[in-house]
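A.B. asks: One structure is given below, represented as structure tokens, and several questions about it will come after.
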Amino acid sequence: MLSTEEFKAFSTEYVMFCHITTRIPGRADEDLLQKKGGTGFPYLVALDAHGDVIAKAKDRSVAGFRAMMESGAKFVAIQAKPEAERTLDDRVFVFLHDIEMEELDLAAAQAEAAKFEGLSPEQKAQVDGALLGLEIESLLPRTRDREEAKRLALVAGKRFSEMWAEGREPKDEAHIQPFFIVMLDYAESEKDAALFEKALAKLEATFGENPRAKGFFDAQKGRLAKLKAADDGGVEDHHEGDEGGEKDDH
Amino acid sequence: MIRPLVLALAGMLLATLPTAARAQDVDVAKMQKQYEEKVAESWFTSNGFTDDYAVAKAKAVETGKPIFAYFSRSYAP
């Protein structure tokens, strides 16, 4: 994609910087990836003239790069305005930007959101969506201990199923994925085939067309079939550790 | 008995040192070559990329344009 004419045209509009991690000892700025918040390759961001990250790429296409650069430029322009001159739209933009840049945790974001008055329905949906995303992230397990992570995932799955029942569900792919995947595990642990099926349908509606997800969906359909069969009394309950689900054909 | 053993160990160490130093030289040379190959690729040369951070920031100040930053690596594909 970097070799296309479309990218070549894009490259004339901005300062083009390619940082290369070489592992050559003593090379200047060798650790710049980490300093700018990158954890893997490729990492694509917009920087201001001071080198501060002002936007991150959401999708790896020229249109996505352009949106990132425009978002970064808008953020810089708003920051340059005196606070009194910032519109509600500016403040909402900065709020959403700060969440995207991981500069606000849930509590801080909730405090900021409480200051907004007179939001349009569209702005309110954006703010609520961003807060919901942070809430989902705050509930996801953050431990390397696999057993503890499993336990916490079930706690999160239970909470997510409650949030869903209250009519709160994420609309963006980045949060739809963990929200419903964790719910699958919870539904299975509760032997709740109906919840499992509904959560799986939500995932399929968003990711079902992705050929790379076929294996995942096939596996989930297998889990659902077992849950349904267990509901019908046709199969004995399986125990933790029997994840392969295969029984000897005796 | 001890002295011959020390001498033998010293000899072994001396024998390995040049090899270790050469191995490091080879690795750095290889990394340098990989880096040079990376910046010679057409996507890099034909799209106005610089890999100098200070130069990129100076250009941003001079032109008033933000920096599109692409982080890549040369030590692996």
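Identifiers in the structure tokens: chain A, B, ... in order shown; residue index from 1 per chain; ligand index from 1 in order shown.
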DSSP on the backbone, then: every residue of segment 84-234 of chain A marked helix (DSSP H, G or I), written as JSON, numbers by chain.
C.D. replies: {"A": [84, 85, 88, 89, 90, 91, 92, 93, 94, 95, 96, 97, 98, 99, 100, 106, 107, 108, 109, 110, 111, 112, 113, 121, 122, 123, 124, 125, 126, 127, 128, 129, 130, 131, 132, 133, 134, 135, 136, 137, 138, 139, 146, 147, 148, 149, 150, 151, 152, 153, 154, 155, 156, 157, 158, 159, 160, 161, 162, 163, 164, 165, 173, 174, 175, 176, 177, 178, 179, 180, 181, 182, 183, 184, 185, 186, 187, 188, 189, 193, 194, 195, 196, 197, 198, 199, 200, 201, 202, 203, 204, 205, 206, 207, 211, 212, 213, 214, 215, 216, 217, 218, 219, 220, 221, 222, 223, 224, 225, 226, 227, 228, 229, 230, 231]}
A.B. asks: Any chance you could tabulate, as JSON lines, the residues of chain A at most 7 Å from chain B with each one's nearest atom pair and distance in Å to one decimal, using only C-alpha atoms, in chain and rising number order?
C.D. replies:
{"residue": "A:Leu2", "atom": "CA", "partner": "B:Trp43", "partner_atom": "CA", "distance": 5.7}
{"residue": "A:Ser3", "atom": "CA", "partner": "B:Trp43", "partner_atom": "CA", "distance": 5.1}
{"residue": "A:Lys8", "atom": "CA", "partner": "B:Asn47", "partner_atom": "CA", "distance": 5.6}
{"residue": "A:Ser11", "atom": "CA", "partner": "B:Asn47", "partner_atom": "CA", "distance": 5.8}
{"residue": "A:Tyr14", "atom": "CA", "partner": "B:Lys65", "partner_atom": "CA", "distance": 5.6}
{"residue": "A:Val15", "atom": "CA", "partner": "B:Ile67", "partner_atom": "CA", "distance": 4.6}
{"residue": "A:Met16", "atom": "CA", "partner": "B:Phe49", "partner_atom": "CA", "distance": 4.7}
{"residue": "A:Phe17", "atom": "CA", "partner": "B:Ala69", "partner_atom": "CA", "distance": 4.9}
{"residue": "A:Cys18", "atom": "CA", "partner": "B:Tyr70", "partner_atom": "CA", "distance": 4.7}
{"residue": "A:His19", "atom": "CA", "partner": "B:Phe71", "partner_atom": "CA", "distance": 4.7}
{"residue": "A:Ile20", "atom": "CA", "partner": "B:Arg73", "partner_atom": "CA", "distance": 4.7}
{"residue": "A:Thr21", "atom": "CA", "partner": "B:Arg73", "partner_atom": "CA", "distance": 4.4}
{"residue": "A:Thr22", "atom": "CA", "partner": "B:Ser74", "partner_atom": "CA", "distance": 5.2}
{"residue": "A:Arg23", "atom": "CA", "partner": "B:Tyr75", "partner_atom": "CA", "distance": 6.8}
{"residue": "A:Ile24", "atom": "CA", "partner": "B:Val28", "partner_atom": "CA", "distance": 6.0}
{"residue": "A:Leu33", "atom": "CA", "partner": "B:Phe71", "partner_atom": "CA", "distance": 6.6}
{"residue": "A:Phe41", "atom": "CA", "partner": "B:Ser72", "partner_atom": "CA", "distance": 5.8}
{"residue": "A:Pro42", "atom": "CA", "partner": "B:Ser72", "partner_atom": "CA", "distance": 5.4}
{"residue": "A:Tyr43", "atom": "CA", "partner": "B:Phe71", "partner_atom": "CA", "distance": 5.0}
{"residue": "A:Leu44", "atom": "CA", "partner": "B:Tyr70", "partner_atom": "CA", "distance": 4.8}
{"residue": "A:Val45", "atom": "CA", "partner": "B:Ala69", "partner_atom": "CA", "distance": 5.3}
{"residue": "A:Ala46", "atom": "CA", "partner": "B:Phe68", "partner_atom": "CA", "distance": 5.0}
{"residue": "A:Leu47", "atom": "CA", "partner": "B:Ile67", "partner_atom": "CA", "distance": 4.9}
{"residue": "A:Asp48", "atom": "CA", "partner": "B:Pro66", "partner_atom": "CA", "distance": 5.1}
{"residue": "A:Ala49", "atom": "CA", "partner": "B:Ala60", "partner_atom": "CA", "distance": 5.0}
{"residue": "A:His50", "atom": "CA", "partner": "B:Lys57", "partner_atom": "CA", "distance": 6.5}
{"residue": "A:Gly51", "atom": "CA", "partner": "B:Lys57", "partner_atom": "CA", "distance": 6.5}
{"residue": "A:Ala73", "atom": "CA", "partner": "B:Pro66", "partner_atom": "CA", "distance": 6.9}
A.B. asks: Quick one: residues within 10 Å of Gly129 of chain A, only C-alpha atoms counted, chain neighbours fewer than 2 positions away excluded, as a PDB file with N, CA and C atoms, in the first residue's frame?
C.D. replies:
ATOM      1  N   LEU A  96     -12.840  13.035  23.435  1.00  0.00           N
ATOM      2  CA  LEU A  96     -12.745  11.759  22.709  1.00  0.00           C
ATOM      3  C   LEU A  96     -11.300  11.461  22.322  1.00  0.00           C
ATOM      4  N   GLN A 123     -23.611  14.076  19.879  1.00  0.00           N
ATOM      5  CA  GLN A 123     -22.484  14.251  20.809  1.00  0.00           C
ATOM      6  C   GLN A 123     -22.666  13.351  22.042  1.00  0.00           C
ATOM      7  N   LYS A 124     -23.900  13.271  22.518  1.00  0.00           N
ATOM      8  CA  LYS A 124     -24.164  12.439  23.705  1.00  0.00           C
ATOM      9  C   LYS A 124     -23.863  10.968  23.390  1.00  0.00           C
ATOM     10  N   ALA A 125     -24.253  10.548  22.194  1.00  0.00           N
ATOM     11  CA  ALA A 125     -23.980   9.158  21.803  1.00  0.00           C
ATOM     12  C   ALA A 125     -22.470   8.912  21.738  1.00  0.00           C
ATOM     13  N   GLN A 126     -21.721   9.883  21.237  1.00  0.00           N
ATOM     14  CA  GLN A 126     -20.250   9.737  21.161  1.00  0.00           C
ATOM     15  C   GLN A 126     -19.642   9.651  22.564  1.00  0.00           C
ATOM     16  N   VAL A 127     -20.086  10.545  23.444  1.00  0.00           N
ATOM     17  CA  VAL A 127     -19.537  10.576  24.807  1.00  0.00           C
ATOM     18  C   VAL A 127     -19.905   9.288  25.550  1.00  0.00           C
ATOM     19  N   LEU A 131     -17.381   6.380  26.996  1.00  0.00           N
ATOM     20  CA  LEU A 131     -17.391   5.968  28.413  1.00  0.00           C
ATOM     21  C   LEU A 131     -17.651   4.463  28.529  1.00  0.00           C
ATOM     22  N   LEU A 132     -18.555   3.966  27.705  1.00  0.00           N
ATOM     23  CA  LEU A 132     -18.851   2.526  27.735  1.00  0.00           C
ATOM     24  C   LEU A 132     -17.603   1.724  27.351  1.00  0.00           C
ATOM     25  N   GLY A 133     -16.891   2.212  26.348  1.00  0.00           N
ATOM     26  CA  GLY A 133     -15.653   1.540  25.941  1.00  0.00           C
ATOM     27  C   GLY A 133     -14.653   1.467  27.088  1.00  0.00           C
ATOM     28  N   LEU A 134     -14.505   2.584  27.807  1.00  0.00           N
ATOM     29  CA  LEU A 134     -13.578   2.602  28.959  1.00  0.00           C
ATOM     30  C   LEU A 134     -14.060   1.652  30.061  1.00  0.00           C
ATOM     31  N   GLU A 135     -15.371   1.613  30.259  1.00  0.00           N
ATOM     32  CA  GLU A 135     -15.912   0.723  31.291  1.00  0.00           C
ATOM     33  C   GLU A 135     -15.632  -0.735  30.929  1.00  0.00           C
ATOM     34  N   ARG A 168     -27.192  -1.480  27.253  1.00  0.00           N
ATOM     35  CA  ARG A 168     -25.884  -0.847  27.016  1.00  0.00           C
ATOM     36  C   ARG A 168     -24.984  -1.849  26.310  1.00  0.00           C
ATOM     37  N   GLU A 169     -24.655  -1.541  25.067  1.00  0.00           N
ATOM     38  CA  GLU A 169     -23.750  -2.406  24.308  1.00  0.00           C
ATOM     39  C   GLU A 169     -22.858  -1.543  23.425  1.00  0.00           C
ATOM     40  N   PRO A 170     -21.618  -1.972  23.203  1.00  0.00           N
ATOM     41  CA  PRO A 170     -20.700  -1.164  22.375  1.00  0.00           C
ATOM     42  C   PRO A 170     -21.090  -1.208  20.908  1.00  0.00           C
ATOM     43  N   LYS A 171     -20.739  -0.147  20.192  1.00  0.00           N
ATOM     44  CA  LYS A 171     -21.055  -0.073  18.764  1.00  0.00           C
ATOM     45  C   LYS A 171     -19.787  -0.172  17.899  1.00  0.00           C
ATOM     46  N   ASP A 172     -18.637  -0.062  18.529  1.00  0.00           N
ATOM     47  CA  ASP A 172     -17.383  -0.099  17.763  1.00  0.00           C
ATOM     48  C   ASP A 172     -16.748  -1.485  17.845  1.00  0.00           C
ATOM     49  N   HIS A 175     -14.547  -2.793  20.754  1.00  0.00           N
ATOM     50  CA  HIS A 175     -15.157  -3.190  22.027  1.00  0.00           C
ATOM     51  C   HIS A 175     -16.210  -4.278  21.876  1.00  0.00           C
TER      52      HIS A 175
END
A.B. asks: Pick out the closest residue to Glu137 of chain A from this set: A:Pro178, A:Pro82, A:Pro25, A:Gly215. Count only C-alpha atoms.
C.D. replies: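 Of A:Pro178, A:Pro82, A:Pro25, A:Gly215, the one nearest Glu137 of chain A is A:Pro178, counting only C-alpha atoms.
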A.B. asks: Enter the distance from atom CA of Gly208 of chain A to atom CA of Phe180 of chain A, in Å, rounded to one decimal.
C.D. replies: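 Going from atom CA of Gly208 of chain A over to atom CA of Phe180 of chain A covers 13.4 Å.
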A.B. asks: Segment 165-167 of chain A: which residues within 12 Å, counting only C-alpha atoms, same-chain residues fewer than 5 positions away excluded, as a PDB file with all heavy atoms, in the first residue's frame?
C.D. replies:
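Written output follows (around.pdb):
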ATOM      1  N   LEU A 132     -18.555   3.966  27.705  1.00  0.00           N
ATOM      2  CA  LEU A 132     -18.851   2.526  27.735  1.00  0.00           C
ATOM      3  C   LEU A 132     -17.603   1.724  27.351  1.00  0.00           C
ATOM      4  O   LEU A 132     -17.297   0.702  27.977  1.00  0.00           O
ATOM      5  CB  LEU A 132     -20.008   2.211  26.780  1.00  0.00           C
ATOM      6  CG  LEU A 132     -20.426   0.744  26.695  1.00  0.00           C
ATOM      7  CD1 LEU A 132     -20.882   0.220  28.057  1.00  0.00           C
ATOM      8  CD2 LEU A 132     -21.528   0.550  25.661  1.00  0.00           C
ATOM      9  N   LYS A 158     -20.276 -11.798  33.188  1.00  0.00           N
ATOM     10  CA  LYS A 158     -21.547 -11.633  33.922  1.00  0.00           C
ATOM     11  C   LYS A 158     -21.975 -10.159  33.889  1.00  0.00           C
ATOM     12  O   LYS A 158     -23.124  -9.844  33.595  1.00  0.00           O
ATOM     13  CB  LYS A 158     -21.358 -12.094  35.371  1.00  0.00           C
ATOM     14  CG  LYS A 158     -22.604 -11.994  36.231  1.00  0.00           C
ATOM     15  CD  LYS A 158     -22.338 -12.628  37.605  1.00  0.00           C
ATOM     16  CE  LYS A 158     -23.598 -12.776  38.443  1.00  0.00           C
ATOM     17  NZ  LYS A 158     -24.202 -11.518  38.816  1.00  0.00           N
ATOM     18  N   ARG A 159     -21.000  -9.285  34.160  1.00  0.00           N
ATOM     19  CA  ARG A 159     -21.308  -7.847  34.176  1.00  0.00           C
ATOM     20  C   ARG A 159     -21.722  -7.368  32.777  1.00  0.00           C
ATOM     21  O   ARG A 159     -22.663  -6.573  32.638  1.00  0.00           O
ATOM     22  CB  ARG A 159     -20.079  -7.055  34.671  1.00  0.00           C
ATOM     23  CG  ARG A 159     -20.291  -5.570  34.751  1.00  0.00           C
ATOM     24  CD  ARG A 159     -21.290  -5.168  35.847  1.00  0.00           C
ATOM     25  NE  ARG A 159     -21.719  -3.777  35.669  1.00  0.00           N
ATOM     26  CZ  ARG A 159     -22.979  -3.409  35.430  1.00  0.00           C
ATOM     27  NH1 ARG A 159     -23.945  -4.305  35.379  1.00  0.00           N
ATOM     28  NH2 ARG A 159     -23.279  -2.144  35.278  1.00  0.00           N
ATOM     29  N   PHE A 160     -21.037  -7.873  31.763  1.00  0.00           N
ATOM     30  CA  PHE A 160     -21.377  -7.455  30.397  1.00  0.00           C
ATOM     31  C   PHE A 160     -22.795  -7.913  30.034  1.00  0.00           C
ATOM     32  O   PHE A 160     -23.532  -7.189  29.370  1.00  0.00           O
ATOM     33  CB  PHE A 160     -20.370  -8.021  29.382  1.00  0.00           C
ATOM     34  CG  PHE A 160     -18.982  -7.442  29.492  1.00  0.00           C
ATOM     35  CD1 PHE A 160     -17.892  -8.060  28.875  1.00  0.00           C
ATOM     36  CD2 PHE A 160     -18.752  -6.277  30.212  1.00  0.00           C
ATOM     37  CE1 PHE A 160     -16.616  -7.531  28.979  1.00  0.00           C
ATOM     38  CE2 PHE A 160     -17.472  -5.740  30.328  1.00  0.00           C
ATOM     39  CZ  PHE A 160     -16.403  -6.377  29.711  1.00  0.00           C
ATOM     40  N   LEU A 195     -28.228 -17.265  25.921  1.00  0.00           N
ATOM     41  CA  LEU A 195     -27.325 -16.107  25.977  1.00  0.00           C
ATOM     42  C   LEU A 195     -26.137 -16.324  25.034  1.00  0.00           C
ATOM     43  O   LEU A 195     -25.728 -15.418  24.310  1.00  0.00           O
ATOM     44  CB  LEU A 195     -26.821 -15.891  27.407  1.00  0.00           C
ATOM     45  CG  LEU A 195     -25.817 -14.747  27.595  1.00  0.00           C
ATOM     46  CD1 LEU A 195     -26.416 -13.403  27.217  1.00  0.00           C
ATOM     47  CD2 LEU A 195     -25.298 -14.692  29.035  1.00  0.00           C
ATOM     48  N   LYS A 198     -27.241 -15.699  21.471  1.00  0.00           N
ATOM     49  CA  LYS A 198     -27.479 -14.269  21.177  1.00  0.00           C
ATOM     50  C   LYS A 198     -26.149 -13.505  21.062  1.00  0.00           C
ATOM     51  O   LYS A 198     -25.964 -12.667  20.185  1.00  0.00           O
ATOM     52  CB  LYS A 198     -28.329 -13.637  22.282  1.00  0.00           C
ATOM     53  CG  LYS A 198     -29.816 -13.967  22.146  1.00  0.00           C
ATOM     54  CD  LYS A 198     -30.739 -13.135  23.024  1.00  0.00           C
ATOM     55  CE  LYS A 198     -30.219 -12.659  24.322  1.00  0.00           C
ATOM     56  NZ  LYS A 198     -31.124 -11.980  25.209  1.00  0.00           N
ATOM     57  N   ALA A 199     -25.228 -13.805  21.970  1.00  0.00           N
ATOM     58  CA  ALA A 199     -23.919 -13.134  21.935  1.00  0.00           C
ATOM     59  C   ALA A 199     -23.153 -13.522  20.667  1.00  0.00           C
ATOM     60  O   ALA A 199     -22.521 -12.686  20.021  1.00  0.00           O
ATOM     61  CB  ALA A 199     -23.107 -13.484  23.179  1.00  0.00           C
TER      62      ALA A 199
END
